[in-house]
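Content type mmCIF, C-alpha atoms (C1' of nucleotides), from the file work_35.cif:
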data_structure
#
loop_
_atom_site.label_atom_id
_atom_site.label_comp_id
_atom_site.auth_asym_id
_atom_site.auth_seq_id
_atom_site.Cartn_x
_atom_site.Cartn_y
_atom_site.Cartn_z
CA MET A 1 -14.97 -28.45 -26.19
CA LEU A 2 -14.87 -30.98 -29.02
CA SER A 3 -13.53 -29.82 -32.34
CA ASN A 4 -16.80 -30.64 -34.08
CA ASP A 5 -18.83 -28.69 -31.55
CA LEU A 6 -16.57 -25.68 -31.96
CA HIS A 7 -16.92 -25.93 -35.73
CA GLN A 8 -20.70 -25.98 -35.43
CA LEU A 9 -20.69 -23.11 -32.97
CA MET A 10 -18.61 -20.92 -35.25
CA LYS A 11 -20.77 -21.88 -38.21
CA SER A 12 -23.93 -21.01 -36.31
CA GLU A 13 -22.45 -17.61 -35.60
CA GLY A 14 -21.97 -17.02 -39.31
CA ILE A 15 -18.20 -17.23 -39.13
CA LYS A 16 -16.53 -18.46 -42.28
CA ILE A 17 -14.53 -21.55 -41.39
CA THR A 18 -10.93 -21.99 -42.45
CA PRO A 19 -8.38 -24.45 -41.11
CA GLN A 20 -6.40 -21.57 -39.64
CA ARG A 21 -9.43 -20.15 -37.86
CA LEU A 22 -10.38 -23.51 -36.46
CA ALA A 23 -6.87 -24.08 -35.14
CA ILE A 24 -6.74 -20.64 -33.53
CA ALA A 25 -10.18 -21.06 -31.98
CA GLU A 26 -9.26 -24.50 -30.67
CA VAL A 27 -6.18 -23.14 -28.94
CA LEU A 28 -8.28 -20.45 -27.32
CA VAL A 29 -11.03 -22.79 -26.21
CA ASN A 30 -8.69 -25.50 -24.94
CA SER A 31 -6.28 -23.22 -23.08
CA THR A 32 -6.85 -22.29 -19.49
CA ASP A 33 -3.81 -20.02 -19.21
CA HIS A 34 -5.27 -17.07 -21.11
CA PRO A 35 -2.76 -17.06 -23.97
CA SER A 36 -1.44 -13.98 -25.70
CA VAL A 37 -1.31 -13.55 -29.46
CA GLN A 38 2.32 -14.63 -29.46
CA GLN A 39 1.49 -17.74 -27.44
CA ILE A 40 -1.36 -18.63 -29.78
CA TYR A 41 1.05 -18.18 -32.67
CA GLU A 42 3.55 -20.55 -31.11
CA ARG A 43 0.90 -23.17 -30.48
CA VAL A 44 -0.47 -23.08 -34.02
CA LYS A 45 2.47 -22.37 -36.31
CA ASP A 46 3.69 -25.96 -36.40
CA HIS A 47 0.48 -26.96 -38.13
CA PHE A 48 0.43 -23.87 -40.34
CA PRO A 49 3.95 -22.73 -41.12
CA SER A 50 2.71 -19.94 -43.35
CA LEU A 51 0.43 -18.52 -40.69
CA THR A 52 1.04 -14.90 -39.75
CA LEU A 53 0.14 -12.80 -36.74
CA ASN A 54 -2.21 -10.89 -39.00
CA THR A 55 -4.48 -13.91 -39.32
CA ILE A 56 -4.46 -14.44 -35.59
CA TYR A 57 -5.41 -10.84 -34.88
CA SER A 58 -8.10 -10.96 -37.52
CA THR A 59 -9.54 -14.21 -36.22
CA ILE A 60 -9.49 -12.98 -32.67
CA ASN A 61 -11.35 -9.85 -33.67
CA VAL A 62 -14.07 -11.94 -35.25
CA LEU A 63 -14.38 -14.19 -32.21
CA VAL A 64 -14.51 -11.22 -29.85
CA LYS A 65 -17.17 -9.48 -31.95
CA ARG A 66 -19.31 -12.62 -31.98
CA GLY A 67 -18.91 -12.92 -28.24
CA LEU A 68 -17.12 -16.28 -28.30
CA ILE A 69 -14.06 -15.06 -26.44
CA GLN A 70 -13.16 -12.12 -24.26
CA GLU A 71 -10.13 -9.88 -24.52
CA LEU A 72 -8.19 -9.00 -21.37
CA PRO A 73 -5.97 -5.98 -22.10
CA PHE A 74 -2.88 -5.74 -19.94
CA GLN A 75 -0.17 -3.11 -19.93
CA GLN A 76 2.09 -4.85 -22.42
CA TYR A 77 -0.31 -6.91 -24.51
CA SER A 78 -3.70 -8.52 -24.41
CA ARG A 79 -4.54 -12.01 -23.31
CA TYR A 80 -7.64 -13.97 -24.18
CA GLU A 81 -10.27 -15.89 -22.34
CA SER A 82 -12.84 -18.42 -23.46
CA ASN A 83 -14.53 -18.96 -20.10
CA LEU A 84 -17.45 -16.58 -20.41
CA ASN A 85 -19.12 -17.60 -17.15
CA PRO A 86 -18.79 -14.87 -14.53
CA HIS A 87 -15.67 -15.76 -12.56
CA LEU A 88 -12.52 -14.36 -11.02
CA ASN A 89 -9.07 -14.20 -12.56
CA LEU A 90 -6.21 -14.73 -10.14
CA VAL A 91 -3.32 -12.86 -11.72
CA CYS A 92 0.18 -13.50 -10.40
CA THR A 93 2.20 -10.33 -10.09
CA ILE A 94 5.43 -12.35 -10.21
CA CYS A 95 5.15 -14.82 -13.07
CA GLY A 96 2.16 -13.42 -14.93
CA ASP A 97 0.08 -16.56 -14.73
CA ILE A 98 -3.66 -16.10 -14.85
CA ALA A 99 -5.92 -18.76 -13.36
CA ASP A 100 -9.68 -18.81 -13.27
CA SER A 101 -11.24 -19.19 -9.84
CA SER A 102 -14.67 -20.62 -9.35
CA ALA A 103 -14.33 -20.76 -5.59
CA ALA A 104 -16.61 -17.79 -5.03
CA ASP A 105 -19.04 -18.24 -7.90
CA ALA A 106 -22.07 -17.90 -5.67
CA LEU A 107 -20.84 -14.60 -4.26
CA VAL A 108 -19.98 -13.40 -7.75
CA LYS A 109 -23.50 -14.15 -8.88
CA ASP A 110 -24.90 -12.27 -5.87
CA LEU A 111 -22.67 -9.34 -6.69
CA LEU A 112 -23.82 -9.15 -10.31
CA LEU A 113 -27.48 -9.31 -9.35
CA ASN A 114 -27.00 -6.76 -6.60
CA VAL A 115 -25.30 -4.28 -8.91
CA GLU A 116 -27.84 -4.71 -11.68
CA GLY A 117 -30.56 -3.99 -9.14
CA SER A 118 -29.04 -1.12 -7.21
CA GLU A 119 -27.27 0.68 -10.06
CA ASN A 120 -29.89 0.03 -12.73
CA PHE A 121 -27.02 -1.09 -14.90
CA GLU A 122 -27.42 -4.10 -17.18
CA ILE A 123 -24.12 -5.97 -17.19
CA ALA A 124 -23.19 -7.25 -20.61
CA TRP A 125 -19.98 -8.83 -19.41
CA GLN A 126 -17.42 -8.34 -16.69
CA ARG A 127 -13.76 -8.64 -15.88
CA MET A 128 -12.63 -9.34 -12.34
CA ASP A 129 -8.88 -9.54 -11.78
CA PHE A 130 -7.40 -10.22 -8.37
CA TYR A 131 -3.66 -9.54 -8.25
CA GLY A 132 -1.28 -11.29 -5.90
CA GLU A 133 1.33 -14.03 -5.75
CA CYS A 134 0.32 -17.43 -7.02
CA LYS A 135 1.07 -20.54 -4.99
CA LYS A 136 4.01 -21.50 -7.19
CA CYS A 137 5.79 -18.19 -6.77
CA THR A 138 5.12 -18.07 -3.04
CA SER A 139 6.48 -21.56 -2.47
CA VAL A 140 9.60 -20.92 -4.51
CA LYS A 141 10.61 -18.12 -2.15
CA ASP A 142 10.24 -20.24 1.00
CA MET B 1 -7.84 15.74 -1.44
CA LEU B 2 -6.32 19.08 -0.56
CA SER B 3 -3.27 20.16 -2.48
CA ASN B 4 -1.20 20.40 0.67
CA ASP B 5 -2.18 16.92 1.80
CA LEU B 6 -1.24 15.51 -1.57
CA HIS B 7 2.08 17.30 -1.38
CA GLN B 8 2.76 15.79 2.04
CA LEU B 9 1.65 12.35 0.91
CA MET B 10 4.01 12.41 -2.05
CA LYS B 11 6.81 13.73 0.09
CA SER B 12 6.27 11.00 2.65
CA GLU B 13 6.56 8.45 -0.15
CA GLY B 14 9.96 9.84 -1.03
CA ILE B 15 8.77 11.35 -4.29
CA LYS B 16 10.67 14.42 -5.38
CA ILE B 17 8.18 17.23 -5.78
CA THR B 18 8.05 19.40 -8.87
CA PRO B 19 5.27 21.73 -9.98
CA GLN B 20 4.57 19.45 -12.94
CA ARG B 21 4.30 16.37 -10.75
CA LEU B 22 1.99 18.11 -8.32
CA ALA B 23 -0.27 19.27 -11.12
CA ILE B 24 -0.42 15.79 -12.68
CA ALA B 25 -1.08 14.15 -9.32
CA GLU B 26 -3.81 16.67 -8.53
CA VAL B 27 -5.61 15.91 -11.77
CA LEU B 28 -5.46 12.22 -10.99
CA VAL B 29 -6.65 12.59 -7.43
CA ASN B 30 -9.42 15.05 -8.22
CA SER B 31 -10.81 13.28 -11.29
CA THR B 32 -13.49 10.66 -10.97
CA ASP B 33 -13.64 9.85 -14.68
CA HIS B 34 -10.45 7.76 -14.83
CA PRO B 35 -8.54 10.00 -17.23
CA SER B 36 -6.14 8.80 -19.89
CA VAL B 37 -2.66 10.23 -20.42
CA GLN B 38 -4.03 12.45 -23.18
CA GLN B 39 -6.78 13.73 -20.94
CA ILE B 40 -4.34 14.47 -18.14
CA TYR B 41 -2.21 16.31 -20.68
CA GLU B 42 -5.15 18.45 -21.76
CA ARG B 43 -6.04 19.29 -18.17
CA VAL B 44 -2.52 20.32 -17.24
CA LYS B 45 -0.96 21.87 -20.32
CA ASP B 46 -2.57 25.28 -19.84
CA HIS B 47 -0.60 25.70 -16.63
CA PHE B 48 2.58 24.16 -18.08
CA PRO B 49 2.81 24.92 -21.79
CA SER B 50 6.17 23.20 -22.06
CA LEU B 51 4.92 19.99 -20.48
CA THR B 52 5.34 16.85 -22.56
CA LEU B 53 3.71 13.45 -22.51
CA ASN B 54 7.04 12.06 -21.37
CA THR B 55 6.74 13.81 -18.04
CA ILE B 56 3.21 12.55 -17.61
CA TYR B 57 4.19 8.97 -18.31
CA SER B 58 7.18 9.28 -16.02
CA THR B 59 5.14 10.78 -13.19
CA ILE B 60 2.44 8.16 -13.58
CA ASN B 61 5.02 5.40 -13.38
CA VAL B 62 6.31 6.81 -10.12
CA LEU B 63 2.82 7.13 -8.65
CA VAL B 64 1.90 3.59 -9.71
CA LYS B 65 5.11 2.16 -8.26
CA ARG B 66 4.45 3.92 -4.95
CA GLY B 67 0.92 2.59 -4.94
CA LEU B 68 -0.77 5.99 -5.03
CA ILE B 69 -2.72 5.28 -8.19
CA GLN B 70 -3.75 2.24 -10.19
CA GLU B 71 -3.42 1.68 -13.90
CA LEU B 72 -6.35 0.26 -15.85
CA PRO B 73 -5.13 -1.00 -19.22
CA PHE B 74 -7.73 -1.02 -21.96
CA GLN B 75 -7.43 -2.10 -25.56
CA GLN B 76 -6.44 1.28 -26.94
CA TYR B 77 -4.75 2.98 -24.01
CA SER B 78 -4.62 2.94 -20.25
CA ARG B 79 -6.74 4.95 -17.87
CA TYR B 80 -5.92 5.76 -14.28
CA GLU B 81 -7.63 5.51 -10.96
CA SER B 82 -6.96 7.10 -7.60
CA ASN B 83 -9.71 5.37 -5.65
CA LEU B 84 -7.80 2.48 -4.14
CA ASN B 85 -10.65 1.17 -1.99
CA PRO B 86 -12.01 -2.08 -3.38
CA HIS B 87 -14.90 -1.09 -5.62
CA LEU B 88 -16.53 -1.74 -8.97
CA ASN B 89 -15.96 0.14 -12.22
CA LEU B 90 -19.03 0.55 -14.38
CA VAL B 91 -17.65 0.85 -17.90
CA CYS B 92 -19.95 2.11 -20.63
CA THR B 93 -19.54 0.16 -23.87
CA ILE B 94 -21.02 3.08 -25.84
CA CYS B 95 -19.33 6.27 -24.65
CA GLY B 96 -16.40 4.81 -22.74
CA ASP B 97 -17.24 6.49 -19.44
CA ILE B 98 -16.02 4.75 -16.32
CA ALA B 99 -17.78 5.36 -13.02
CA ASP B 100 -16.94 3.96 -9.65
CA SER B 101 -19.73 2.12 -7.89
CA SER B 102 -19.86 1.76 -4.13
CA ALA B 103 -23.35 0.28 -4.15
CA ALA B 104 -22.12 -3.24 -3.43
CA ASP B 105 -19.13 -2.49 -1.26
CA ALA B 106 -20.20 -4.92 1.44
CA LEU B 107 -20.50 -7.75 -1.06
CA VAL B 108 -17.17 -6.81 -2.58
CA LYS B 109 -15.57 -7.03 0.82
CA ASP B 110 -17.17 -10.43 1.38
CA LEU B 111 -15.89 -11.58 -1.98
CA LEU B 112 -12.33 -10.53 -1.25
CA LEU B 113 -12.29 -12.23 2.14
CA ASN B 114 -13.89 -15.35 0.72
CA VAL B 115 -11.33 -15.66 -2.06
CA GLU B 116 -8.39 -15.03 0.22
CA GLY B 117 -9.68 -17.79 2.46
CA SER B 118 -10.69 -20.41 -0.07
CA GLU B 119 -7.92 -19.90 -2.61
CA ASN B 120 -5.14 -19.17 -0.15
CA PHE B 121 -4.36 -16.17 -2.32
CA GLU B 122 -3.38 -12.87 -0.74
CA ILE B 123 -4.90 -10.12 -2.83
CA ALA B 124 -2.57 -7.17 -3.30
CA TRP B 125 -5.07 -5.23 -5.37
CA GLN B 126 -7.95 -5.88 -7.69
CA ARG B 127 -9.72 -4.61 -10.73
CA MET B 128 -13.41 -5.23 -11.24
CA ASP B 129 -14.94 -3.89 -14.44
CA PHE B 130 -18.61 -4.34 -15.26
CA TYR B 131 -19.40 -3.52 -18.87
CA GLY B 132 -22.75 -2.26 -20.06
CA GLU B 133 -24.59 0.87 -21.15
CA CYS B 134 -24.48 3.81 -18.79
CA LYS B 135 -27.66 5.68 -17.94
CA LYS B 136 -26.81 8.57 -20.26
CA CYS B 137 -26.38 6.38 -23.30
CA THR B 138 -29.47 4.34 -22.54
CA SER B 139 -31.66 7.42 -22.14
CA VAL B 140 -30.39 9.00 -25.35
CA LYS B 141 -31.70 6.07 -27.36
CA ASP B 142 -35.22 6.24 -25.87
"C1'" DA C 1 26.73 20.39 -5.03
"C1'" DT C 2 24.45 16.40 -6.47
"C1'" DT C 3 20.79 13.77 -7.62
"C1'" DG C 4 17.34 13.26 -10.53
"C1'" DG C 5 13.26 15.48 -13.29
"C1'" DT C 6 12.02 17.80 -17.71
"C1'" DG C 7 11.74 18.21 -22.49
"C1'" DC C 8 13.12 16.96 -27.13
"C1'" DA C 9 13.89 13.36 -30.24
"C1'" DA C 10 14.11 8.77 -31.59
"C1'" DA C 11 13.14 3.94 -30.90
"C1'" DG C 12 10.39 -0.17 -29.41
"C1'" DG C 13 6.60 -3.28 -29.56
"C1'" DT C 14 1.81 -4.35 -30.24
"C1'" DT C 15 -1.89 -3.93 -33.22
"C1'" DT C 16 -4.00 -2.25 -37.52
"C1'" DT C 17 -4.31 -1.36 -42.46
"C1'" DG C 18 -3.61 -2.05 -47.71
"C1'" DC C 19 -3.42 -5.05 -51.24
"C1'" DA C 20 -2.67 -9.15 -54.27
"C1'" DT C 21 -3.55 -13.97 -54.05
"C1'" DT C 22 -6.04 -17.81 -52.55
"C1'" DT C 23 -9.85 -20.23 -50.48
"C1'" DA C 24 -14.60 -21.21 -48.58
"C1'" DG C 25 -19.48 -21.21 -49.47
"C1'" DC D 1 -18.72 -17.68 -59.05
"C1'" DT D 2 -18.39 -14.27 -55.45
"C1'" DA D 3 -17.21 -12.65 -51.24
"C1'" DA D 4 -14.08 -12.88 -47.94
"C1'" DA D 5 -9.70 -14.85 -45.59
"C1'" DT D 6 -4.69 -15.30 -45.86
"C1'" DG D 7 -0.11 -13.61 -46.06
"C1'" DC D 8 3.30 -10.07 -46.95
"C1'" DA D 9 4.59 -5.49 -46.17
"C1'" DA D 10 4.11 -1.11 -44.34
"C1'" DA D 11 1.95 2.03 -41.25
"C1'" DA D 12 -0.17 3.68 -36.93
"C1'" DC D 13 -0.31 4.12 -32.30
"C1'" DC D 14 0.89 4.15 -27.40
"C1'" DT D 15 4.63 3.88 -24.47
"C1'" DT D 16 9.52 3.71 -23.34
"C1'" DT D 17 14.32 5.10 -23.73
"C1'" DG D 18 18.57 8.25 -24.36
"C1'" DC D 19 20.48 12.38 -23.52
"C1'" DA D 20 21.44 17.36 -22.57
"C1'" DC D 21 19.83 20.83 -19.65
"C1'" DC D 22 17.66 22.45 -15.67
"C1'" DA D 23 15.54 22.27 -11.06
"C1'" DA D 24 14.80 20.39 -6.34
"C1'" DT D 25 16.82 19.12 -2.05
#
Could you quickly redo this structure as structure tokens?
Amino acid sequence: MLSNDLHQLMKSEGIKITPQRLAIAEVLVNSTDHPSVQQIYERVKDHFPSLTLNTIYSTINVLVKRGLIQELPFQQYSRYESNLNPHLNLVCTICGDIADSSAADALVKDLLLNVEGSENFEIAWQRMDFYGECKKCTSVKD
Amino acid sequence: MLSNDLHQLMKSEGIKITPQRLAIAEVLVNSTDHPSVQQIYERVKDHFPSLTLNTIYSTINVLVKRGLIQELPFQQYSRYESNLNPHLNLVCTICGDIADSSAADALVKDLLLNVEGSENFEIAWQRMDFYGECKKCTSVKD
DNA sequence: ATTGGTGCAAAGGTTTTGCATTTAG
DNA sequence: CTAAATGCAAAACCTTTGCACCAAT
């Protein structure tokens, strides 16, 4: 997403714009590796040396509340996702990498519709994690 | 699951049996509401007044490592699951209830096979949470 | 008899809260 | 100008660790 578009999107959601918030949101939107708070911090602190974790947590909370990102709690700490389309997360049990998979999007859509129909349950959002070894970790062992 | 069967299952996994461990495992296996550590504590402490959270955490870690239960980390604390068949969790965003859904088991199976084939990713286990309002919470508002 | 589980206490690490200062609208 | 965000510090919370004692095999 372009920086200007993100700015407009946040503005349209009634989020007060600050340089720090924009930088944090840009990292989230432009990352496909589902960064943690610490990782976001490392990717932003060069541009904002005075930035603290507090501001990152606070910004994340705003973005989650407005529905612009999704939190993925894990055992040790949370990671964050900006791809809000229903999809699968392939989580590597070795290295911790998380990759989105769109390979089965049609089946995912079927599944959502089927559940909403049969369970009479309106799905606001979903989290689908598949755990296994990623290609990198499997090939390293061979 | 019968208490004796659980005992045998744990034994066969090489888990040293203690009365505390049996009681904790029984709560996990017989609960369908995905209890938290605190909830397990409340359901067991009457029978073991000296029991501490430490023992619950330690027992849970053993059961998770042996693959007898699955941990579901949430933002505030983890909850635990003993239904290891691939299935959906319907998570209520109002009251926090978590219910297993088997309504779409066939589609879930298709999805798993499809992903393993198209992504060349062997799925060790999975977590599928669908978030929305449960029937109780929806009916209360009407 | 020996390994390891239990319980008590303390520590660790992530996330939240309080508050003065600064900034966006 | 006013409301709210930032940054610093401290606190809160869940979970883990260390260790002495006790229990299971």
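Proximity of C:DA20, C:DA11, C:DG25, C:DG4 to DG7 (chain D), computed with only C-alpha atoms (C1' of nucleotides), is greatest for C:DA20.
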task = Find the residues of chain B in contact range of chain C, meaning any atom within 8 Å when counting all atoms listed in the file, and list them as a list in words.
result =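 Every residue of chain B that passes the 8 Å test is in Thr18, Ser50, Leu51, Thr52, Asn54 and Thr55 of chain B.
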ask   = Applied to this file, what does the PyMOL selection byres ((chain A) within 10 of (chain B)) return in terms of residues, put as a ChimeraX atom specification?
value = /A:71-78,88-93,101-108,110-112,114-135,138
inquiry  = One number please: C1' of DT6 (chain D) to CA of Ala23 (chain A), in Å, one decimal.
reply    = 14.0 Å
Fitted chain B, least squares over ordered Cα pairs with chain A, as a CSV table (one decimal) with C-alpha atoms, in the coordinates of the input:
chain,number,residue,atom,x,y,z
B,1,MET,CA,-14.9,-28.5,-26.2
B,2,LEU,CA,-14.8,-31.0,-29.1
B,3,SER,CA,-13.5,-29.8,-32.4
B,4,ASN,CA,-16.7,-30.7,-34.1
B,5,ASP,CA,-18.8,-28.7,-31.6
B,6,LEU,CA,-16.5,-25.7,-32.0
B,7,HIS,CA,-16.9,-26.0,-35.8
B,8,GLN,CA,-20.7,-26.0,-35.5
B,9,LEU,CA,-20.7,-23.2,-33.0
B,10,MET,CA,-18.6,-21.0,-35.3
B,11,LYS,CA,-20.7,-21.9,-38.2
B,12,SER,CA,-23.9,-21.1,-36.4
B,13,GLU,CA,-22.4,-17.7,-35.6
B,14,GLY,CA,-22.0,-17.1,-39.3
B,15,ILE,CA,-18.2,-17.3,-39.2
B,16,LYS,CA,-16.6,-18.6,-42.3
B,17,ILE,CA,-14.5,-21.6,-41.4
B,18,THR,CA,-10.9,-22.0,-42.5
B,19,PRO,CA,-8.3,-24.5,-41.1
B,20,GLN,CA,-6.4,-21.6,-39.6
B,21,ARG,CA,-9.4,-20.2,-37.9
B,22,LEU,CA,-10.4,-23.6,-36.5
B,23,ALA,CA,-6.8,-24.1,-35.2
B,24,ILE,CA,-6.7,-20.6,-33.5
B,25,ALA,CA,-10.2,-21.1,-32.0
B,26,GLU,CA,-9.2,-24.5,-30.7
B,27,VAL,CA,-6.2,-23.1,-28.9
B,28,LEU,CA,-8.3,-20.5,-27.3
B,29,VAL,CA,-11.0,-22.8,-26.2
B,30,ASN,CA,-8.7,-25.5,-24.9
B,31,SER,CA,-6.3,-23.2,-23.1
B,32,THR,CA,-6.9,-22.3,-19.5
B,33,ASP,CA,-3.8,-20.0,-19.2
B,34,HIS,CA,-5.3,-17.0,-21.1
B,35,PRO,CA,-2.8,-17.0,-23.9
B,36,SER,CA,-1.5,-14.0,-25.7
B,37,VAL,CA,-1.4,-13.5,-29.5
B,38,GLN,CA,2.3,-14.6,-29.4
B,39,GLN,CA,1.5,-17.7,-27.4
B,40,ILE,CA,-1.4,-18.6,-29.8
B,41,TYR,CA,1.1,-18.2,-32.7
B,42,GLU,CA,3.6,-20.5,-31.1
B,43,ARG,CA,0.9,-23.2,-30.5
B,44,VAL,CA,-0.4,-23.1,-34.0
B,45,LYS,CA,2.5,-22.3,-36.3
B,46,ASP,CA,3.8,-25.9,-36.4
B,47,HIS,CA,0.6,-26.9,-38.1
B,48,PHE,CA,0.5,-23.8,-40.3
B,49,PRO,CA,4.0,-22.7,-41.1
B,50,SER,CA,2.8,-19.9,-43.3
B,51,LEU,CA,0.5,-18.5,-40.7
B,52,THR,CA,1.0,-14.9,-39.7
B,53,LEU,CA,0.1,-12.8,-36.7
B,54,ASN,CA,-2.3,-10.9,-39.0
B,55,THR,CA,-4.5,-13.9,-39.3
B,56,ILE,CA,-4.5,-14.4,-35.6
B,57,TYR,CA,-5.4,-10.8,-34.9
B,58,SER,CA,-8.1,-11.0,-37.5
B,59,THR,CA,-9.6,-14.2,-36.2
B,60,ILE,CA,-9.5,-13.0,-32.6
B,61,ASN,CA,-11.4,-9.9,-33.7
B,62,VAL,CA,-14.1,-12.0,-35.3
B,63,LEU,CA,-14.4,-14.2,-32.2
B,64,VAL,CA,-14.5,-11.2,-29.9
B,65,LYS,CA,-17.2,-9.5,-32.0
B,66,ARG,CA,-19.3,-12.7,-32.0
B,67,GLY,CA,-18.9,-13.0,-28.2
B,68,LEU,CA,-17.1,-16.3,-28.3
B,69,ILE,CA,-14.1,-15.1,-26.4
B,70,GLN,CA,-13.2,-12.1,-24.2
B,71,GLU,CA,-10.2,-9.9,-24.5
B,72,LEU,CA,-8.2,-9.0,-21.4
B,73,PRO,CA,-6.0,-6.0,-22.1
B,74,PHE,CA,-2.9,-5.7,-19.9
B,75,GLN,CA,-0.2,-3.1,-19.9
B,76,GLN,CA,2.1,-4.8,-22.4
B,77,TYR,CA,-0.3,-6.9,-24.5
B,78,SER,CA,-3.7,-8.5,-24.4
B,79,ARG,CA,-4.6,-12.0,-23.3
B,80,TYR,CA,-7.7,-13.9,-24.2
B,81,GLU,CA,-10.3,-15.9,-22.3
B,82,SER,CA,-12.9,-18.4,-23.5
B,83,ASN,CA,-14.6,-19.0,-20.1
B,84,LEU,CA,-17.5,-16.6,-20.4
B,85,ASN,CA,-19.2,-17.6,-17.1
B,86,PRO,CA,-18.8,-14.9,-14.5
B,87,HIS,CA,-15.7,-15.8,-12.6
B,88,LEU,CA,-12.5,-14.3,-11.0
B,89,ASN,CA,-9.1,-14.2,-12.6
B,90,LEU,CA,-6.2,-14.7,-10.2
B,91,VAL,CA,-3.3,-12.9,-11.7
B,92,CYS,CA,0.2,-13.5,-10.4
B,93,THR,CA,2.2,-10.3,-10.1
B,94,ILE,CA,5.4,-12.4,-10.2
B,95,CYS,CA,5.1,-14.8,-13.1
B,96,GLY,CA,2.2,-13.4,-14.9
B,97,ASP,CA,0.1,-16.6,-14.8
B,98,ILE,CA,-3.7,-16.1,-14.9
B,99,ALA,CA,-6.0,-18.7,-13.4
B,100,ASP,CA,-9.7,-18.8,-13.3
B,101,SER,CA,-11.2,-19.2,-9.9
B,102,SER,CA,-14.7,-20.6,-9.4
B,103,ALA,CA,-14.4,-20.8,-5.6
B,104,ALA,CA,-16.6,-17.8,-5.0
B,105,ASP,CA,-19.0,-18.2,-7.9
B,106,ALA,CA,-22.1,-17.9,-5.7
B,107,LEU,CA,-20.9,-14.6,-4.3
B,108,VAL,CA,-20.0,-13.4,-7.7
B,109,LYS,CA,-23.5,-14.1,-8.9
B,110,ASP,CA,-24.9,-12.2,-5.9
B,111,LEU,CA,-22.6,-9.3,-6.7
B,112,LEU,CA,-23.8,-9.1,-10.3
B,113,LEU,CA,-27.5,-9.3,-9.3
B,114,ASN,CA,-27.0,-6.7,-6.6
B,115,VAL,CA,-25.3,-4.2,-8.9
B,116,GLU,CA,-27.8,-4.6,-11.6
B,117,GLY,CA,-30.5,-3.9,-9.1
B,118,SER,CA,-29.0,-1.0,-7.2
B,119,GLU,CA,-27.2,0.7,-10.0
B,120,ASN,CA,-29.8,0.1,-12.7
B,121,PHE,CA,-27.0,-1.0,-14.8
B,122,GLU,CA,-27.4,-4.0,-17.1
B,123,ILE,CA,-24.1,-5.9,-17.2
B,124,ALA,CA,-23.2,-7.2,-20.6
B,125,TRP,CA,-20.0,-8.8,-19.4
B,126,GLN,CA,-17.4,-8.3,-16.7
B,127,ARG,CA,-13.8,-8.6,-15.9
B,128,MET,CA,-12.6,-9.3,-12.3
B,129,ASP,CA,-8.9,-9.5,-11.8
B,130,PHE,CA,-7.4,-10.2,-8.4
B,131,TYR,CA,-3.7,-9.6,-8.2
B,132,GLY,CA,-1.3,-11.3,-5.9
B,133,GLU,CA,1.3,-14.1,-5.8
B,134,CYS,CA,0.3,-17.5,-7.1
B,135,LYS,CA,1.1,-20.6,-5.0
B,136,LYS,CA,4.0,-21.5,-7.3
B,137,CYS,CA,5.8,-18.2,-6.8
B,138,THR,CA,5.1,-18.1,-3.1
B,139,SER,CA,6.5,-21.6,-2.5
B,140,VAL,CA,9.6,-21.0,-4.6
B,141,LYS,CA,10.6,-18.2,-2.2
B,142,ASP,CA,10.2,-20.4,0.9
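Minimum atom-to-atom distances from D:DC19, D:DA3, D:DC8, D:DC13 to chain B were compared using all atoms listed in the file, and the lowest value belongs to D:DC13.
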ask   = Got a sec to pull out which chain D residues are within 12 Å of chain B, counting all atoms listed in the file, and send them as a PyMOL selection string?
value = chain D and resi 13-17+23-25
task = Kindly give the distance, in Å, that separates CA of Gly14 (chain A) and CA of Glu42 (chain A), rounded to a single decimal.
result = 27.0 Å
ask   = CA of Gln38 (chain A) and CA of Cys137 (chain A), how far apart in Å?
value =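 Distance reported for this atom pair: 23.2 Å.
With distances restricted to all atoms listed in the file, B:Ser12 is the closest residue to Arg66 (chain B) from B:Ser139, B:Ser12, B:Gln20, B:Asn30.
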Return as lines of an AutoDock Vina configuration file the box centre and box size in Å, one decimal, for an axis-aligned box around all listed atoms of region 19-33 of chain A padded by 6 Å per side.
center_x = -7.4
center_y = -22.8
center_z = -30.2
size_x = 19.2
size_y = 17.5
size_z = 33.9
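Applied to this file, the PyMOL selection byres ((chain B and resi 84) around 10) selects the residues Gly67, Leu68, Ile69, Gln70, Glu81, Ser82, Asn83, Asn85, Pro86, His87, Trp125, Gln126 and Arg127 of chain B.
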Completion of region 56-61 of chain A up to N, CA and C atoms, as a tab-separated table (two decimals), in the frame of the given file:
chain	number	residue	atom	x	y	z
A	56	ILE	N	-4.04	-14.23	-36.97
A	56	ILE	CA	-4.46	-14.44	-35.59
A	56	ILE	C	-5.23	-13.23	-35.08
A	57	TYR	N	-4.69	-12.05	-35.30
A	57	TYR	CA	-5.41	-10.84	-34.88
A	57	TYR	C	-6.78	-10.78	-35.53
A	58	SER	N	-6.83	-11.06	-36.82
A	58	SER	CA	-8.10	-10.96	-37.52
A	58	SER	C	-9.10	-11.98	-37.00
A	59	THR	N	-8.65	-13.18	-36.75
A	59	THR	CA	-9.54	-14.21	-36.22
A	59	THR	C	-10.03	-13.85	-34.82
A	60	ILE	N	-9.11	-13.38	-34.02
A	60	ILE	CA	-9.49	-12.98	-32.67
A	60	ILE	C	-10.56	-11.89	-32.70
A	61	ASN	N	-10.37	-10.93	-33.59
A	61	ASN	CA	-11.35	-9.85	-33.67
A	61	ASN	C	-12.74	-10.37	-34.02
